[in-house]
Amino acid sequence: MLQLFSTGLIPLWLNTVGVLANQTVPPLTPFNLLHINTPDVKVAEIWQDSLNQFSSQGFAPTAQGFWLQTQDQLLVNHNAQKPLPAASLTKVATTLAVLKTWGPHHTFLTEVRSTGPVVDGVLQGDLVIVGGGDPLFVGPEATSLGYSLKQLGIQTVSGNLIISGNFWMDFLTEPKQAGERLRQGLNGQIYQTTEESRYTPPTTTQLATQIAISGSVQWRSVPPQSQLLLRHQSLPIFALLKQMNVNSNNALAESLASGIGNGPTLVAQVTAATGVSTKEIRLQNGSGLGQDNRLSPRAVVALLLGIQQELKPHQLTLADVFPVAKRDLGTIEDRQLPTAAIVKTGTLWNVSALAGVIPTQKLGPVWFTIINRGENIDGFRKDQDRILQQLTQRLGTDAKNINDLRPSRPMPTVGDPKRNQVAGR
């Protein structure tokens with residue numbers, strides 16, 4: 001049953017900034033209290049109407065979950081502590097764990113080395129790629145490498161293309177496949193995109209590159225006599241997370257999560273950061289694929305608040321790592337969401353979820369989670385959009401809060417040769 005609270009206090013496992021400045025928090029229990037103010041019956045009716053509608057269509061209320069709060073006040077909830085299949089809301093947990101592990105400005109380095117000199121445009125030896133775990137090395141990045149190698153006077157490689165380390169391209173993780181794709185990219189060839197590389201970040205101006213490699217693609221250790229030519233920097237973590245969340249890119253999420261340790265380590269990271277019980281966070285992977293990834297509605301909001309805290313010291317906002325309505329495309333391109341809502345979607349064949357924050361005039365930022373279960377994806381999405389639109393109409397839109405929730409800086413582009421650092425410079 002949907003719960004609407006009257007005036008009082010209730011302990012919640014959330015890190016809410018500044019609510020208990022003068023309260024003593026017990027050791028190993030990093031939670032704060034949310035104030036429960038006199039309920040807004042009209043807000044409750046919006047959510048109750050949703051439950052009634054779906055119940056009349058045969059979708060059990062026990063399969064639905066809601067959580068709605070301001071920065072320090074709980075407004076309404078339903079099945080708030082019940083871990084439900086979260087689909088790609090799992091990527092919210094991945095986002096927090098990645099930020100806790102590396103920080104928002106970390107980059108992954110890919111080294112480009114050679115085993116011989118360059119004579120009359122020919123690299124007389126092998127071209128060696130030493131992967132450093134860049135999860136978004138896609139076609140334009142290969143082009144930028146080719147451009148930088150041409151600036152070093154290389155037009156042809158007489159030897160082999162050697163792949164070593166943790167390298168993949170266009171989400172192809174088998175080293176020789178990734179290396180073959182890189183060879184094509186360096187040579188300026190057009191190739192069919194993979195399923196996951198259909199969505200890529202903004203691309204820099206097309207660069208001219210054509211570097212032919214005479215030998216074969218080989219997977220082996222780095223030749224000891226190789227010399228460093230270039231270091232290629234990935235996009236910074238915050239930009240990688242933005243791309244992961246805007247397009248709900250499963251391969252990118254799995255790549256980042258594998259660098260942390262996947263399910264158990266993800267759970268350990270985010271429960272330590274938020275204080276939410278492991279009873280409410282159950283993760284098998286970083287993408288959300290499968291029914292075994294489960295989050296409670298209130299846990300998702302706790303994760304979002306944790307992300308906000310991680311970003312703030314770096315002058316970044318949630319809009320730098322999640323899609324913004326009326327600004328970003330991806331999974332929310334066709335959604336009818338309130339302007340400036342920052343959200344994350346989640347979809348499986350029988351799950352539709354939405355979580356995020358909307359700026360309001362009456363209550364400031366309002367944080368929410370909606371998890372719907374049943375074979376009614378389009379109907380659930382329309383209802384989620386309706387709920388947020390009605391909330392905005394009820395609570396008003398705050399222009400100042402809209403400005404505060406904008407991205408803090410331009411998004412870096414892929415294929416930018418400025419991220420290639422020439423050895424010795």
# chains A, B, ... in the order shown; residues from 1 in each chain; ligands from 1

call {"tool": "residues_around", "arguments": {"residues": "Phe368 in chain A", "least_positions_apart": "3", "cutoff": "9 Å", "atoms": "only C-alpha atoms", "output": "mmCIF file with C-alpha atoms, in the first residue's frame"}}
result
data_model
loop_
_atom_site.group_PDB
_atom_site.id
_atom_site.type_symbol
_atom_site.label_atom_id
_atom_site.label_comp_id
_atom_site.auth_asym_id
_atom_site.auth_seq_id
_atom_site.Cartn_x
_atom_site.Cartn_y
_atom_site.Cartn_z
ATOM 1 C CA PHE A 66 7.967 4.288 -5.677
ATOM 2 C CA TRP A 67 10.097 6.647 -3.635
ATOM 3 C CA LEU A 68 9.776 10.445 -3.631
ATOM 4 C CA GLN A 69 11.725 12.885 -1.450
ATOM 5 C CA THR A 70 13.217 16.359 -1.305
ATOM 6 C CA PRO A 297 13.323 2.322 -4.752
ATOM 7 C CA ARG A 298 14.839 4.236 -1.840
ATOM 8 C CA VAL A 300 18.330 4.146 -5.960
ATOM 9 C CA VAL A 301 17.758 7.642 -4.580
ATOM 10 C CA LEU A 354 12.934 5.643 -14.084
ATOM 11 C CA ALA A 355 14.887 7.505 -11.408
ATOM 12 C CA GLY A 356 16.398 10.952 -11.046
ATOM 13 C CA VAL A 357 15.725 14.482 -9.862
ATOM 14 C CA ILE A 358 13.478 17.317 -11.024
#

call {"tool": "residues_around", "arguments": {"residues": "Thr265 in chain A", "least_positions_apart": "2", "cutoff": "12 Å", "atoms": "only C-alpha atoms", "output": "mmCIF file with N, CA, C and O atoms, in the first residue's frame"}}
result
data_model
loop_
_atom_site.group_PDB
_atom_site.id
_atom_site.type_symbol
_atom_site.label_atom_id
_atom_site.label_comp_id
_atom_site.auth_asym_id
_atom_site.auth_seq_id
_atom_site.Cartn_x
_atom_site.Cartn_y
_atom_site.Cartn_z
ATOM 1 N N ALA A 93 24.215 2.414 -9.701
ATOM 2 C CA ALA A 93 25.175 1.837 -8.753
ATOM 3 C C ALA A 93 26.568 1.762 -9.370
ATOM 4 O O ALA A 93 27.572 2.081 -8.719
ATOM 5 N N THR A 94 26.648 1.354 -10.627
ATOM 6 C CA THR A 94 27.939 1.302 -11.317
ATOM 7 C C THR A 94 28.579 2.675 -11.366
ATOM 8 O O THR A 94 29.786 2.824 -11.151
ATOM 9 N N LEU A 96 28.253 5.198 -9.249
ATOM 10 C CA LEU A 96 28.804 5.566 -7.944
ATOM 11 C C LEU A 96 30.075 4.783 -7.656
ATOM 12 O O LEU A 96 31.079 5.347 -7.187
ATOM 13 N N ALA A 97 30.074 3.483 -7.936
ATOM 14 C CA ALA A 97 31.256 2.666 -7.666
ATOM 15 C C ALA A 97 32.446 3.113 -8.509
ATOM 16 O O ALA A 97 33.585 3.149 -8.022
ATOM 17 N N VAL A 98 32.206 3.457 -9.762
ATOM 18 C CA VAL A 98 33.283 3.929 -10.645
ATOM 19 C C VAL A 98 33.861 5.245 -10.124
ATOM 20 O O VAL A 98 35.083 5.442 -10.095
ATOM 21 N N LYS A 100 33.812 6.300 -7.023
ATOM 22 C CA LYS A 100 34.540 6.025 -5.793
ATOM 23 C C LYS A 100 35.900 5.385 -6.080
ATOM 24 O O LYS A 100 36.864 5.618 -5.351
ATOM 25 N N THR A 101 35.987 4.599 -7.141
ATOM 26 C CA THR A 101 37.221 3.880 -7.460
ATOM 27 C C THR A 101 38.246 4.783 -8.121
ATOM 28 O O THR A 101 39.430 4.793 -7.741
ATOM 29 N N ALA A 257 32.613 -1.955 -14.944
ATOM 30 C CA ALA A 257 32.383 -2.775 -13.751
ATOM 31 C C ALA A 257 33.442 -3.867 -13.610
ATOM 32 O O ALA A 257 33.857 -4.200 -12.497
ATOM 33 N N SER A 258 33.896 -4.420 -14.739
ATOM 34 C CA SER A 258 34.910 -5.466 -14.665
ATOM 35 C C SER A 258 36.228 -4.927 -14.122
ATOM 36 O O SER A 258 36.997 -5.653 -13.481
ATOM 37 N N GLY A 259 36.481 -3.636 -14.358
ATOM 38 C CA GLY A 259 37.686 -3.023 -13.810
ATOM 39 C C GLY A 259 37.624 -2.847 -12.308
ATOM 40 O O GLY A 259 38.660 -2.676 -11.655
ATOM 41 N N ILE A 260 36.427 -2.919 -11.744
ATOM 42 C CA ILE A 260 36.233 -2.787 -10.296
ATOM 43 C C ILE A 260 36.163 -4.155 -9.629
ATOM 44 O O ILE A 260 36.673 -4.359 -8.530
ATOM 45 N N GLY A 261 35.508 -5.091 -10.298
ATOM 46 C CA GLY A 261 35.338 -6.416 -9.708
ATOM 47 C C GLY A 261 33.930 -6.954 -9.802
ATOM 48 O O GLY A 261 33.593 -7.950 -9.173
ATOM 49 N N ASN A 262 33.073 -6.258 -10.582
ATOM 50 C CA ASN A 262 31.704 -6.711 -10.825
ATOM 51 C C ASN A 262 30.867 -6.793 -9.551
ATOM 52 O O ASN A 262 31.134 -6.079 -8.589
ATOM 53 N N GLY A 263 29.855 -7.684 -9.559
ATOM 54 C CA GLY A 263 28.798 -7.679 -8.560
ATOM 55 C C GLY A 263 29.189 -7.502 -7.113
ATOM 56 O O GLY A 263 28.819 -6.501 -6.481
ATOM 57 N N VAL A 267 28.587 -4.041 -4.939
ATOM 58 C CA VAL A 267 27.724 -3.977 -3.756
ATOM 59 C C VAL A 267 28.495 -3.427 -2.567
ATOM 60 O O VAL A 267 28.000 -2.553 -1.834
ATOM 61 N N ALA A 268 29.719 -3.912 -2.360
ATOM 62 C CA ALA A 268 30.517 -3.443 -1.226
ATOM 63 C C ALA A 268 30.794 -1.950 -1.324
ATOM 64 O O ALA A 268 30.727 -1.219 -0.323
ATOM 65 N N GLN A 269 31.108 -1.484 -2.538
ATOM 66 C CA GLN A 269 31.408 -0.060 -2.738
ATOM 67 C C GLN A 269 30.202 0.811 -2.406
ATOM 68 O O GLN A 269 30.303 1.792 -1.675
ATOM 69 N N VAL A 270 29.049 0.470 -2.971
ATOM 70 C CA VAL A 270 27.905 1.375 -2.856
ATOM 71 C C VAL A 270 27.218 1.270 -1.502
ATOM 72 O O VAL A 270 26.658 2.265 -1.017
ATOM 73 N N THR A 271 27.258 0.106 -0.858
ATOM 74 C CA THR A 271 26.677 0.030 0.480
ATOM 75 C C THR A 271 27.537 0.801 1.477
ATOM 76 O O THR A 271 27.014 1.454 2.389
ATOM 77 N N ALA A 272 28.851 0.742 1.303
ATOM 78 C CA ALA A 272 29.735 1.522 2.178
ATOM 79 C C ALA A 272 29.534 3.013 1.972
ATOM 80 O O ALA A 272 29.600 3.798 2.921
ATOM 81 N N THR A 278 22.571 -4.366 2.419
ATOM 82 C CA THR A 278 22.701 -5.297 1.307
ATOM 83 C C THR A 278 21.378 -6.009 1.024
ATOM 84 O O THR A 278 21.227 -6.621 -0.033
ATOM 85 N N ILE A 281 20.183 -3.960 -1.930
ATOM 86 C CA ILE A 281 21.049 -3.847 -3.105
ATOM 87 C C ILE A 281 21.617 -5.223 -3.412
ATOM 88 O O ILE A 281 22.431 -5.758 -2.659
ATOM 89 N N ARG A 282 21.187 -5.810 -4.521
ATOM 90 C CA ARG A 282 21.654 -7.130 -4.936
ATOM 91 C C ARG A 282 22.059 -7.040 -6.405
ATOM 92 O O ARG A 282 21.201 -6.875 -7.289
ATOM 93 N N LEU A 283 23.336 -7.124 -6.671
ATOM 94 C CA LEU A 283 23.842 -6.912 -8.029
ATOM 95 C C LEU A 283 24.682 -8.095 -8.484
ATOM 96 O O LEU A 283 25.532 -8.581 -7.742
ATOM 97 N N GLN A 284 24.439 -8.526 -9.716
ATOM 98 C CA GLN A 284 25.221 -9.584 -10.331
ATOM 99 C C GLN A 284 26.205 -9.039 -11.366
ATOM 100 O O GLN A 284 27.202 -9.673 -11.684
ATOM 101 N N ASN A 285 25.904 -7.881 -11.930
ATOM 102 C CA ASN A 285 26.757 -7.283 -12.952
ATOM 103 C C ASN A 285 26.596 -5.767 -12.927
ATOM 104 O O ASN A 285 25.835 -5.232 -12.111
ATOM 105 N N GLY A 286 27.295 -5.090 -13.813
ATOM 106 C CA GLY A 286 27.265 -3.630 -13.814
ATOM 107 C C GLY A 286 26.281 -3.008 -14.762
ATOM 108 O O GLY A 286 26.069 -1.790 -14.733
#

call {"tool": "residues_around", "arguments": {"residues": "Val321 in chain A", "least_positions_apart": "2", "cutoff": "9 Å", "atoms": "only C-alpha atoms", "output": "list in words"}}
result
Thr95, Phe238, Ala239, Leu240, Leu241, Lys242, Gln243, Met244, Asn245, Val246, Leu316, Thr317, Leu318, Ala319, Pro323 and Pro407 of chain A

call {"tool": "select_by_dssp", "arguments": {"residues": "range 140-337 of chain A", "states": "helix (DSSP H, G or I)", "output": "ChimeraX atom specification"}}
result
/A:140-151,175-186,196-198,237-247,250-260,262-274,297-314,318-320,330-332

call {"tool": "closest_atom_pairs", "arguments": {"of": "range 267-381 of chain A", "to": "range 85-90 of chain A", "cutoff": "7 Å", "atoms": "only C-alpha atoms", "output": "Markdown table"}}
result
| residue | atom | partner | partner_atom | distance |
| --- | --- | --- | --- | --- |
| A:Gly286 | CA | A:Thr90 | CA | 6.4 |
| A:Ser287 | CA | A:Ser88 | CA | 6.0 |
| A:Gly288 | CA | A:Ala87 | CA | 4.5 |
| A:Leu289 | CA | A:Ala87 | CA | 6.1 |
| A:Gln291 | CA | A:Pro85 | CA | 5.4 |
| A:Asp292 | CA | A:Pro85 | CA | 6.7 |
| A:Asn293 | CA | A:Pro85 | CA | 5.8 |
| A:Arg294 | CA | A:Pro85 | CA | 4.4 |
| A:Leu295 | CA | A:Ala86 | CA | 5.7 |
| A:Lys344 | CA | A:Leu89 | CA | 6.4 |
| A:Thr345 | CA | A:Leu89 | CA | 6.3 |
| A:Gly346 | CA | A:Ser88 | CA | 4.0 |
| A:Thr347 | CA | A:Ala87 | CA | 5.4 |
| A:Leu348 | CA | A:Ala87 | CA | 5.9 |
| A:Val351 | CA | A:Ala87 | CA | 6.8 |
| A:Ala353 | CA | A:Ala86 | CA | 6.8 |

call {"tool": "closest_residue", "arguments": {"among": "A:Val43, A:Val138, A:Leu123, A:Ala80", "to": "Leu161 in chain A", "atoms": "only C-alpha atoms"}}
result
A:Leu123

call {"tool": "residues_around", "arguments": {"residues": "Gly116 in chain A", "least_positions_apart": "2", "cutoff": "6 Å", "atoms": "only C-alpha atoms", "output": "list in words"}}
result
Ser114, Gln124 and Gly125 of chain A

call {"tool": "write_last_selection", "arguments": {"atoms": "N, CA and C atoms", "output": "short mmCIF file (atom, residue, chain, number, x, y, z; two decimals), in the first residue's frame"}}
result
data_model
loop_
_atom_site.label_atom_id
_atom_site.label_comp_id
_atom_site.auth_asym_id
_atom_site.auth_seq_id
_atom_site.Cartn_x
_atom_site.Cartn_y
_atom_site.Cartn_z
N SER A 114 56.90 1.10 -30.97
CA SER A 114 57.47 0.58 -32.22
C SER A 114 58.71 -0.24 -31.91
N GLN A 124 60.06 0.61 -39.87
CA GLN A 124 60.74 -0.65 -40.18
C GLN A 124 60.77 -1.55 -38.95
N GLY A 125 59.62 -2.13 -38.69
CA GLY A 125 59.44 -2.98 -37.53
C GLY A 125 57.96 -3.14 -37.25
#

call {"tool": "closest_residue", "arguments": {"among": "A:Val414, A:Leu84, A:Val76, A:Val157", "to": "Thr143 in chain A", "atoms": "only C-alpha atoms"}}
result
A:Val414

call {"tool": "atom_distance", "arguments": {"atom1": "CA of Asn77 in chain A", "atom2": "CA of Arg327 in chain A"}}
result
28.8 Å
